[in-house]
file upload_17.tsv (TSV, C-alpha atoms)
chain	number	residue	atom	x	y	z
A	3	MET	CA	77.07	88.15	56.36
A	4	ILE	CA	77.56	91.48	58.14
A	5	LYS	CA	74.62	90.69	60.41
A	6	LYS	CA	76.25	87.35	61.29
A	7	ILE	CA	79.51	89.06	62.23
A	8	THR	CA	77.61	91.61	64.33
A	9	ILE	CA	75.72	88.86	66.19
A	10	THR	CA	78.95	86.91	66.78
A	11	ARG	CA	80.68	90.02	68.09
A	12	GLY	CA	77.68	90.83	70.25
A	13	LEU	CA	77.61	87.37	71.74
A	14	SER	CA	81.34	87.52	72.49
A	15	GLY	CA	80.73	90.82	74.29
A	16	VAL	CA	78.02	89.29	76.44
A	17	LEU	CA	80.26	86.30	77.14
A	18	LEU	CA	83.06	88.67	78.18
A	19	LEU	CA	80.76	90.41	80.63
A	20	LEU	CA	79.50	87.14	82.03
A	21	ALA	CA	83.00	85.65	82.19
A	22	VAL	CA	84.40	88.44	84.32
A	23	THR	CA	81.46	88.34	86.66
A	24	VAL	CA	81.83	84.65	87.45
A	25	LEU	CA	85.61	84.74	87.89
A	26	PRO	CA	85.48	85.49	91.64
A	27	ILE	CA	84.01	82.05	92.23
A	28	PRO	CA	87.02	79.89	93.06
A	29	VAL	CA	87.40	76.31	92.00
A	30	ALA	CA	86.85	74.09	95.00
A	31	ALA	CA	89.62	71.70	95.87
A	32	GLY	CA	88.84	68.46	94.19
A	33	GLY	CA	90.01	65.81	91.78
A	34	LYS	CA	93.76	65.87	91.38
A	35	GLU	CA	94.21	68.60	93.99
A	36	ASN	CA	93.00	66.27	96.69
A	37	ARG	CA	95.85	63.83	96.13
A	38	GLY	CA	98.48	63.95	98.87
A	39	ILE	CA	96.51	66.54	100.81
A	40	THR	CA	95.37	66.10	104.38
A	41	LYS	CA	92.07	67.74	105.25
A	42	CYS	CA	91.70	68.31	108.94
A	43	ASP	CA	89.90	70.25	111.65
A	44	ILE	CA	92.62	72.71	112.57
A	45	HIS	CA	90.33	74.45	115.08
A	46	HIS	CA	90.50	71.49	117.45
A	47	VAL	CA	93.52	69.37	116.60
A	48	ALA	CA	96.97	69.48	115.04
A	49	CYS	CA	97.12	68.14	111.48
A	50	VAL	CA	99.40	65.18	110.74
A	51	GLN	CA	100.62	63.92	107.39
A	52	THR	CA	102.73	60.85	106.83
A	53	LEU	CA	105.57	61.20	104.37
A	54	ALA	CA	107.61	58.35	102.86
A	55	GLN	CA	110.18	58.60	105.64
A	56	GLY	CA	108.34	60.14	108.56
A	57	THR	CA	105.59	62.52	109.63
A	58	VAL	CA	104.90	66.23	109.52
A	59	THR	CA	102.61	67.75	112.14
A	60	LEU	CA	101.15	71.22	111.73
A	61	ASN	CA	99.51	73.08	114.56
A	62	ILE	CA	98.17	76.65	114.48
A	63	LEU	CA	97.49	78.72	117.59
A	64	PRO	CA	95.41	80.30	119.01
A	65	LYS	CA	92.36	78.20	118.30
A	66	PRO	CA	89.88	78.55	116.70
A	67	VAL	CA	91.99	79.67	113.74
A	68	LYS	CA	90.81	83.05	112.49
A	69	ALA	CA	91.73	85.11	109.44
A	70	MET	CA	93.28	88.58	109.73
A	71	ALA	CA	94.92	87.72	113.06
A	72	ASP	CA	98.51	87.01	114.05
A	73	LEU	CA	98.89	83.25	114.37
A	74	THR	CA	101.64	80.97	115.60
A	75	PHE	CA	102.48	78.10	113.26
A	76	GLN	CA	104.14	75.08	114.86
A	77	VAL	CA	105.67	72.31	112.75
A	78	ALA	CA	107.04	69.06	114.14
A	79	ILE	CA	108.98	66.72	111.86
A	80	THR	CA	109.85	63.15	112.74
A	81	GLY	CA	111.85	60.62	110.73
A	82	VAL	CA	113.03	63.16	108.17
A	83	PRO	CA	116.51	64.64	108.66
A	84	THR	CA	116.30	68.38	107.93
A	85	LEU	CA	119.31	70.22	106.59
A	86	GLN	CA	117.56	73.58	106.33
A	87	ASN	CA	114.61	75.08	108.17
A	88	PRO	CA	111.22	74.13	106.74
A	89	PHE	CA	108.80	76.87	105.72
A	90	ILE	CA	105.08	77.22	105.07
A	91	ASP	CA	103.20	78.73	102.13
A	92	LEU	CA	99.58	79.73	102.69
A	93	SER	CA	97.24	79.69	99.72
A	94	MET	CA	93.63	79.14	98.71
A	95	PRO	CA	92.90	76.08	96.58
A	96	GLY	CA	91.91	77.24	93.09
A	97	MET	CA	92.51	80.93	93.76
A	98	TYR	CA	95.93	82.55	93.66
A	99	MET	CA	96.24	85.12	96.44
A	100	GLY	CA	99.91	86.02	96.08
A	101	PRO	CA	102.91	84.69	98.01
A	102	ASN	CA	102.05	84.34	101.72
A	103	HIS	CA	105.13	82.82	103.27
A	104	VAL	CA	105.68	81.80	106.89
A	105	THR	CA	109.30	81.54	107.97
A	106	LEU	CA	109.98	78.92	110.62
A	107	GLU	CA	112.73	78.91	113.22
A	108	PRO	CA	113.87	75.88	115.24
A	109	VAL	CA	112.65	75.82	118.85
A	110	SER	CA	113.88	72.31	119.73
A	111	PRO	CA	115.15	69.31	117.71
A	112	GLY	CA	112.60	68.59	114.96
A	113	LYS	CA	110.29	71.38	116.08
A	114	TYR	CA	109.86	74.74	114.37
A	115	GLU	CA	107.76	77.83	114.94
A	116	GLY	CA	106.83	80.98	113.04
A	117	THR	CA	104.11	83.63	112.76
A	118	GLY	CA	101.75	84.18	109.87
A	119	ILE	CA	98.34	85.51	108.87
A	120	PHE	CA	95.49	84.14	106.78
A	121	VAL	CA	93.96	86.96	104.80
A	122	ARG	CA	90.23	87.31	104.42
A	123	CYS	CA	88.75	86.73	101.00
A	124	PRO	CA	85.59	88.82	100.40
A	125	THR	CA	84.10	86.00	98.30
A	126	GLY	CA	83.46	84.26	101.61
A	127	ILE	CA	85.37	81.10	100.71
A	128	THR	CA	87.02	79.88	103.91
A	129	LEU	CA	89.04	76.93	102.61
A	130	TRP	CA	92.79	77.40	102.95
A	131	ARG	CA	95.85	75.30	102.25
A	132	ALA	CA	99.11	75.28	104.20
A	133	THR	CA	102.03	73.71	102.35
A	134	VAL	CA	104.91	72.74	104.60
A	135	THR	CA	108.13	72.44	102.59
A	136	ILE	CA	111.11	70.57	103.95
A	137	PRO	CA	113.91	71.67	101.61
A	138	GLU	CA	115.24	68.81	99.50
A	139	LYS	CA	112.99	66.35	101.32
A	140	GLY	CA	109.43	67.02	100.23
A	141	THR	CA	106.20	68.84	100.96
A	142	ALA	CA	103.11	68.19	103.02
A	143	HIS	CA	99.81	69.84	102.17
A	144	PHE	CA	97.11	70.54	104.71
A	145	ILE	CA	93.63	71.81	103.90
A	146	PHE	CA	91.26	73.28	106.45
A	147	ASP	CA	88.64	75.93	107.02
A	148	VAL	CA	89.55	79.25	108.56
A	149	ILE	CA	87.05	81.42	110.42
A	150	TYR	CA	86.35	84.86	108.88
B	10	MET	CA	123.00	94.01	88.47
B	11	SER	CA	120.08	95.64	90.19
B	12	SER	CA	119.84	97.19	93.65
B	13	ILE	CA	116.07	96.82	93.71
B	14	ASP	CA	114.81	94.41	96.35
B	15	PRO	CA	113.91	91.10	94.59
B	16	LEU	CA	110.62	91.18	96.52
B	17	VAL	CA	109.59	94.20	94.41
B	18	TRP	CA	109.87	92.10	91.23
B	19	VAL	CA	108.03	89.26	92.96
B	20	PHE	CA	105.11	91.55	93.79
B	21	LEU	CA	105.12	93.18	90.36
B	22	ALA	CA	104.78	89.69	88.86
B	23	THR	CA	102.19	88.77	91.51
B	24	GLY	CA	100.15	91.85	90.64
B	25	PHE	CA	100.30	90.93	86.95
B	26	THR	CA	99.23	87.34	87.66
B	27	VAL	CA	96.41	88.15	90.05
B	28	GLY	CA	95.40	91.02	87.76
B	29	PHE	CA	94.39	88.56	85.06
B	30	GLY	CA	92.69	86.27	87.56
B	31	HIS	CA	91.45	87.62	90.84
B	32	CYS	CA	91.30	91.36	90.02
B	33	ILE	CA	89.31	90.88	86.82
B	34	GLY	CA	86.78	89.04	88.90
B	35	MET	CA	86.63	91.51	91.79
B	36	CYS	CA	87.27	94.84	90.06
B	37	GLY	CA	86.07	93.76	86.60
B	38	PRO	CA	82.43	94.68	87.20
B	39	ILE	CA	83.51	98.13	88.43
B	40	VAL	CA	85.83	98.69	85.46
B	41	ILE	CA	83.16	97.49	83.02
B	42	SER	CA	80.64	99.78	84.69
B	43	LEU	CA	83.00	102.72	84.22
B	44	SER	CA	83.54	101.79	80.56
B	45	LEU	CA	79.89	101.35	79.77
B	46	ASN	CA	79.13	104.59	81.57
B	47	LEU	CA	81.55	106.34	79.20
B	48	ARG	CA	79.38	105.43	76.27
B	49	THR	CA	80.67	107.99	73.83
B	50	ALA	CA	83.89	109.26	75.36
B	51	ASN	CA	87.42	108.00	75.04
B	52	THR	CA	87.89	105.47	77.84
B	53	THR	CA	91.70	105.48	78.10
B	54	TRP	CA	92.19	108.54	80.31
B	55	PRO	CA	89.36	107.79	82.74
B	56	HIS	CA	90.70	104.26	83.20
B	57	LEU	CA	94.25	105.52	83.66
B	58	LEU	CA	92.99	107.98	86.27
B	59	TYR	CA	90.93	105.28	88.00
B	60	ASN	CA	94.04	103.07	88.15
B	61	ALA	CA	96.18	105.99	89.33
B	62	GLY	CA	93.74	106.54	92.19
B	63	ARG	CA	93.81	102.86	93.08
B	64	LEU	CA	97.61	102.84	93.01
B	65	THR	CA	97.77	105.94	95.22
B	66	THR	CA	95.65	104.22	97.87
B	67	TYR	CA	97.66	100.97	97.64
B	68	THR	CA	100.94	102.86	97.89
B	69	LEU	CA	99.82	104.84	100.92
B	70	LEU	CA	98.51	101.71	102.64
B	71	GLY	CA	101.81	99.98	101.86
B	72	GLY	CA	103.68	102.90	103.39
B	73	ILE	CA	101.56	102.78	106.55
B	74	MET	CA	102.07	99.01	106.84
B	75	GLY	CA	105.80	99.44	106.34
B	76	ALA	CA	106.02	102.25	108.89
B	77	THR	CA	104.00	100.45	111.57
B	78	GLY	CA	105.30	96.97	110.76
B	79	SER	CA	101.92	95.60	111.79
B	80	PHE	CA	99.37	94.22	109.37
B	81	THR	CA	96.69	93.31	111.88
B	82	MET	CA	96.77	96.62	113.74
B	83	VAL	CA	96.17	98.67	110.58
B	84	THR	CA	93.62	96.35	108.97
B	85	SER	CA	91.56	96.15	112.16
B	86	ARG	CA	91.32	99.95	112.15
B	87	ILE	CA	90.23	100.21	108.52
B	88	ALA	CA	87.93	97.16	108.49
B	89	ASP	CA	84.76	99.22	108.91
B	90	VAL	CA	85.84	101.65	106.19
B	91	GLN	CA	86.49	98.72	103.84
B	92	LYS	CA	83.08	97.28	104.62
B	93	GLY	CA	81.55	100.65	103.75
B	94	VAL	CA	83.55	100.88	100.52
B	95	LEU	CA	82.43	97.38	99.49
B	96	ILE	CA	78.78	98.34	100.05
B	97	PHE	CA	79.33	101.72	98.36
B	98	SER	CA	80.86	100.09	95.28
B	99	GLY	CA	77.95	97.63	95.15
B	100	VAL	CA	75.45	100.50	95.25
B	101	LEU	CA	77.53	102.37	92.66
B	102	ILE	CA	77.44	99.41	90.28
B	103	VAL	CA	73.70	98.89	90.82
B	104	VAL	CA	72.94	102.57	90.23
B	105	MET	CA	75.15	102.63	87.14
B	106	GLY	CA	73.32	99.57	85.86
B	107	LEU	CA	69.92	101.12	86.59
B	108	MET	CA	70.85	104.41	84.96
B	109	MET	CA	72.40	102.73	81.93
B	110	SER	CA	69.27	100.69	81.39
B	111	GLY	CA	67.07	103.73	81.92
B	112	TRP	CA	65.17	101.96	84.69
B	113	LEU	CA	66.19	104.34	87.47
B	114	THR	CA	64.11	107.21	86.08
B	115	ARG	CA	61.10	104.89	85.97
B	116	ILE	CA	61.29	104.04	89.66
B	117	GLN	CA	58.32	105.85	91.18
B	118	CYS	CA	57.81	103.83	94.33
B	119	PHE	CA	59.88	106.22	96.45
B	120	GLY	CA	57.83	109.24	95.41
B	121	ASP	CA	59.11	112.34	93.63
B	122	HIS	CA	60.65	113.94	96.68
B	123	SER	CA	61.93	110.88	98.49
B	124	ARG	CA	65.35	111.31	100.08
B	125	LEU	CA	66.54	107.98	98.76
B	126	GLN	CA	65.65	108.84	95.19
B	127	SER	CA	67.23	112.28	95.49
B	128	PHE	CA	70.36	110.68	96.90
B	129	LEU	CA	70.55	108.08	94.16
B	130	ALA	CA	69.67	110.33	91.27
B	131	GLY	CA	71.48	113.32	92.72
B	132	GLY	CA	74.65	112.17	94.45
B	133	TYR	CA	75.45	109.01	92.58
B	134	GLY	CA	73.98	110.38	89.39
B	135	ARG	CA	76.26	113.41	89.45
B	136	LEU	CA	79.23	111.17	90.09
B	137	ILE	CA	78.32	108.79	87.32
B	138	ARG	CA	77.30	111.44	84.82
B	139	SER	CA	80.25	113.64	85.58
B	140	LYS	CA	81.66	114.95	82.34
B	141	SER	CA	85.00	115.59	83.94
B	142	ILE	CA	87.28	112.60	83.61
B	143	ALA	CA	89.07	113.85	86.73
B	144	ALA	CA	86.21	112.30	88.74
B	145	TYR	CA	87.69	108.89	88.01
B	146	TYR	CA	90.77	109.59	90.15
B	147	PRO	CA	88.84	109.96	93.44
B	148	ILE	CA	86.72	106.94	92.45
B	149	GLY	CA	89.98	104.99	92.14
B	150	LEU	CA	91.24	106.39	95.44
B	151	LEU	CA	88.12	105.21	97.22
B	152	LEU	CA	87.80	101.86	95.49
B	153	GLY	CA	91.46	101.14	96.22
B	154	LEU	CA	90.19	100.47	99.74
B	155	LEU	CA	88.05	97.54	98.58
B	156	PRO	CA	88.87	94.50	100.68
B	157	CYS	CA	90.86	92.14	98.49
B	158	GLY	CA	92.81	89.00	99.36
B	159	PRO	CA	95.86	89.56	97.12
B	160	VAL	CA	96.12	93.19	98.29
B	161	TYR	CA	96.11	91.95	101.88
B	162	THR	CA	98.88	89.49	101.00
B	163	ALA	CA	100.97	92.31	99.53
B	164	LEU	CA	100.28	94.37	102.65
B	165	ILE	CA	101.52	91.53	104.86
B	166	ALA	CA	104.77	91.58	102.87
B	167	ALA	CA	104.96	95.37	103.32
B	168	ALA	CA	104.47	95.01	107.08
B	169	ARG	CA	107.21	92.36	107.20
B	170	ALA	CA	109.53	94.60	105.21
B	171	GLY	CA	108.77	97.32	107.76
B	172	MET	CA	109.59	95.04	110.67
B	173	GLU	CA	112.97	94.27	109.13
B	174	ALA	CA	113.68	97.91	108.20
B	175	SER	CA	116.23	99.94	110.17
B	176	SER	CA	113.84	102.86	110.74
B	177	MET	CA	110.20	103.81	110.42
B	178	GLN	CA	111.00	106.00	107.39
B	179	THR	CA	112.80	103.15	105.63
B	180	GLY	CA	109.88	100.85	106.41
B	181	PHE	CA	107.46	103.43	105.02
B	182	VAL	CA	109.38	103.71	101.74
B	183	LYS	CA	109.84	99.94	101.42
B	184	GLY	CA	106.14	99.34	102.03
B	185	MET	CA	105.19	102.00	99.48
B	186	ILE	CA	107.47	100.56	96.80
B	187	LEU	CA	106.17	97.01	97.35
B	188	LEU	CA	102.54	98.03	97.03
B	189	LEU	CA	103.26	100.34	94.10
B	190	ALA	CA	104.92	97.41	92.30
B	191	PHE	CA	101.98	95.16	93.12
B	192	GLY	CA	99.46	97.78	91.96
B	193	LEU	CA	101.35	98.47	88.73
B	194	GLY	CA	101.25	94.76	88.00
B	195	THR	CA	97.45	94.74	88.21
B	196	VAL	CA	96.99	97.69	85.81
B	197	PRO	CA	97.36	95.89	82.41
B	198	ALA	CA	94.53	93.43	83.15
B	199	LEU	CA	92.10	96.11	84.31
B	200	LEU	CA	92.99	98.43	81.44
B	201	LEU	CA	92.41	95.60	78.99
B	202	VAL	CA	89.01	94.75	80.48
B	203	GLY	CA	88.09	98.44	80.49
B	204	LYS	CA	89.07	98.83	76.83
B	205	LEU	CA	87.26	95.65	75.75
B	206	ALA	CA	84.08	96.65	77.57
B	207	GLY	CA	84.30	100.14	76.11
B	208	LEU	CA	84.48	99.03	72.50
B	209	LYS	CA	82.00	101.02	70.48
B	210	TRP	CA	80.53	98.03	68.68
B	211	LEU	CA	79.67	96.67	72.11
B	212	THR	CA	78.31	99.78	73.77
B	213	ARG	CA	76.17	100.69	70.76
B	214	ARG	CA	74.28	97.40	70.76
B	215	SER	CA	71.14	98.16	72.69
B	216	LEU	CA	70.42	94.55	73.68
B	217	ILE	CA	73.98	93.91	74.84
B	218	TYR	CA	73.90	97.18	76.73
B	219	LYS	CA	70.71	96.11	78.52
B	220	ILE	CA	72.14	92.67	79.35
B	221	GLY	CA	75.30	94.38	80.58
B	222	ALA	CA	73.18	96.67	82.76
B	223	LEU	CA	71.30	93.71	84.20
B	224	THR	CA	74.55	91.85	84.91
B	225	MET	CA	75.88	94.95	86.66
B	226	ILE	CA	72.78	95.18	88.85
B	227	VAL	CA	73.18	91.53	89.85
B	228	MET	CA	76.91	91.97	90.51
B	229	GLY	CA	76.28	95.17	92.47
B	230	GLY	CA	73.78	93.27	94.61
B	231	TYR	CA	76.43	90.58	95.17
B	232	PHE	CA	78.91	93.27	96.31
B	233	ILE	CA	76.32	94.75	98.70
B	234	ILE	CA	75.56	91.34	100.25
B	235	LYS	CA	79.29	90.59	100.60
B	236	GLY	CA	79.79	94.02	102.12
B	237	ILE	CA	77.07	93.44	104.71
B	238	GLN	CA	78.56	90.02	105.53
B	239	PHE	CA	82.13	91.36	105.69

call {"tool": "encode", "arguments": {"input": "upload_17.tsv", "output": "structure tokens"}}
result
Amino acid sequence: MIKKITITRGLSGVLLLLAVTVLPIPVAAGGKENRGITKCDIHHVACVQTLAQGTVTLNILPKPVKAMADLTFQVAITGVPTLQNPFIDLSMPGMYMGPNHVTLEPVSPGKYEGTGIFVRCPTGITLWRATVTIPEKGTAHFIFDVIY
Amino acid sequence: MSSIDPLVWVFLATGFTVGFGHCIGMCGPIVISLSLNLRTANTTWPHLLYNAGRLTTYTLLGGIMGATGSFTMVTSRIADVQKGVLIFSGVLIVVMGLMMSGWLTRIQCFGDHSRLQSFLAGGYGRLIRSKSIAAYYPIGLLLGLLPCGPVYTALIAAARAGMEASSMQTGFVKGMILLLAFGLGTVPALLLVGKLAGLKWLTRRSLIYKIGALTMIVMGGYFIIKGIQF
């Protein structure tokens, strides 16, 4: 009986060690997370997502889009009346990196601009998500690779 | 009700959340290595000192970000140091694993007087075998420089707070407080992992200890590769 308990405890210890060592591996975007998300090649084009009422276009400059550099985020909204300025949240699918918020300011009707930074994850995973939120109207998710 | 910037609470909560996710993954192997290295000693104080060192580095970096108001300028200057720290921590974990398993003393391929062996067994060995728990504070100071995504995110917030601050001094203090809050949030998770890995029933099981040592060697190798690629 005692031996059984010891073995069980031992195995849980090994599992604990193994569990913490595999945790850095993020869950790739897939399954449900892919719904309503536009995957695009941000290094060459602006990303466009169609909402129920209009479209949201996200462009990031300079290109190619690199991590750990100051970047300009441009958002163009058509067909959706905006009462407040939209904003962008940058995150990694499957790995919480903390709140990385890009504030946008209007530059012309329906067009907004702000500066932000993608941080570099030492795991080497380069997949990032930009969520454009139009207050009270909806969100548009864009997924793309960032150069480290 | 409170005059504390709401962002401080946000980053305290962020630290707590990423502590139980990201930090356990990135710093877990280091914390477990420290625990297993302290085979017979009380692990609480060394872990507290390790975390205090880490927090000191975070707080200072936050202050610098807040004072300069520029994330990219500071990170580009410390990138090489961070790369070195990542490789150093990988080597540290590998050496700890080798010494724990007893395999390091059996390595003869370098010869008795090889510089590499002297460095490993001498420098790292002294650090690892140090009986003074005070050694864990400088280890924390150094490993606080490990490149880490959530820490970078907190540093971006500190730089932004600095940009909006009325003076460089105010930015420095704001940045320090933000990173201190973030760092404090990460402490419970790492302390818990350290305590669990340091449980006597675990460290006294020879087989588990050997498997733990092997896992550490593999993880250390992973850190070294990531450091070279960084």

call {"tool": "atom_distance", "arguments": {"input": "upload_17.tsv", "atom1": "CA of Asp72 in chain A", "atom2": "CA of Leu164 in chain B"}}
result
13.7 Å

call {"tool": "closest_residue", "arguments": {"input": "upload_17.tsv", "among": "B:Trp112, B:Phe97, B:Phe29, B:Phe232", "to": "Val202 in chain B", "atoms": "only C-alpha atoms"}}
result
B:Phe29

call {"tool": "closest_residue", "arguments": {"input": "upload_17.tsv", "among": "A:Leu92, A:Thr40, A:Gln86, A:Glu115", "to": "Pro137 in chain A", "atoms": "all atoms listed in the file"}}
result
A:Gln86

call {"tool": "closest_atom_pairs", "arguments": {"input": "upload_17.tsv", "of": "chain B", "to": "chain A", "cutoff": "8 Å", "atoms": "all atoms listed in the file", "output": "CSV"}}
result
residue,atom,partner,partner_atom,distance
B:Phe20,CA,A:Gly100,CA,7.9
B:Thr23,CA,A:Gly100,CA,5.8
B:Gly24,CA,A:Gly100,CA,8.0
B:Val27,CA,A:Tyr98,CA,6.7
B:Gly30,CA,A:Leu25,CA,7.3
B:His31,CA,A:Pro26,CA,6.4
B:Ile33,CA,A:Val22,CA,6.0
B:Gly34,CA,A:Leu25,CA,4.6
B:Met35,CA,A:Pro26,CA,6.1
B:Gly37,CA,A:Val22,CA,6.0
B:Pro38,CA,A:Thr23,CA,6.4
B:Ile41,CA,A:Leu19,CA,7.8
B:Thr81,CA,A:Ala71,CA,6.0
B:Thr84,CA,A:Met70,CA,7.8
B:Pro156,CA,A:Pro124,CA,6.6
B:Cys157,CA,A:Cys123,CA,6.3
B:Gly158,CA,A:Cys123,CA,4.9
B:Pro159,CA,A:Met99,CA,4.5
B:Tyr161,CA,A:Val121,CA,6.2
B:Thr162,CA,A:Asn102,CA,6.1
B:Ala163,CA,A:Gly100,CA,7.3
B:Ile165,CA,A:Asn102,CA,7.9
B:Ala166,CA,A:Asn102,CA,7.8
B:Ala206,CA,A:Gly15,CA,7.5
B:Trp210,CA,A:Gly12,CA,7.9
B:Leu211,CA,A:Gly15,CA,6.3
B:Arg214,CA,A:Gly12,CA,7.4
B:Ile217,CA,A:Val16,CA,6.3
B:Ile220,CA,A:Val16,CA,7.4
B:Gly221,CA,A:Leu19,CA,6.8
B:Thr224,CA,A:Leu20,CA,7.4
B:Met228,CA,A:Thr23,CA,7.0
B:Lys235,CA,A:Pro124,CA,6.5
B:Gly236,CA,A:Pro124,CA,8.0
B:Phe239,CA,A:Pro124,CA,6.8

call {"tool": "residues_around", "arguments": {"input": "upload_17.tsv", "residues": "Gly99 in chain B", "least_positions_apart": "4", "cutoff": "12 Å", "atoms": "only C-alpha atoms", "output": "number ranges by chain"}}
result
B: 35-36, 38-39, 42, 92-95, 103-106, 133, 152, 155, 225-237
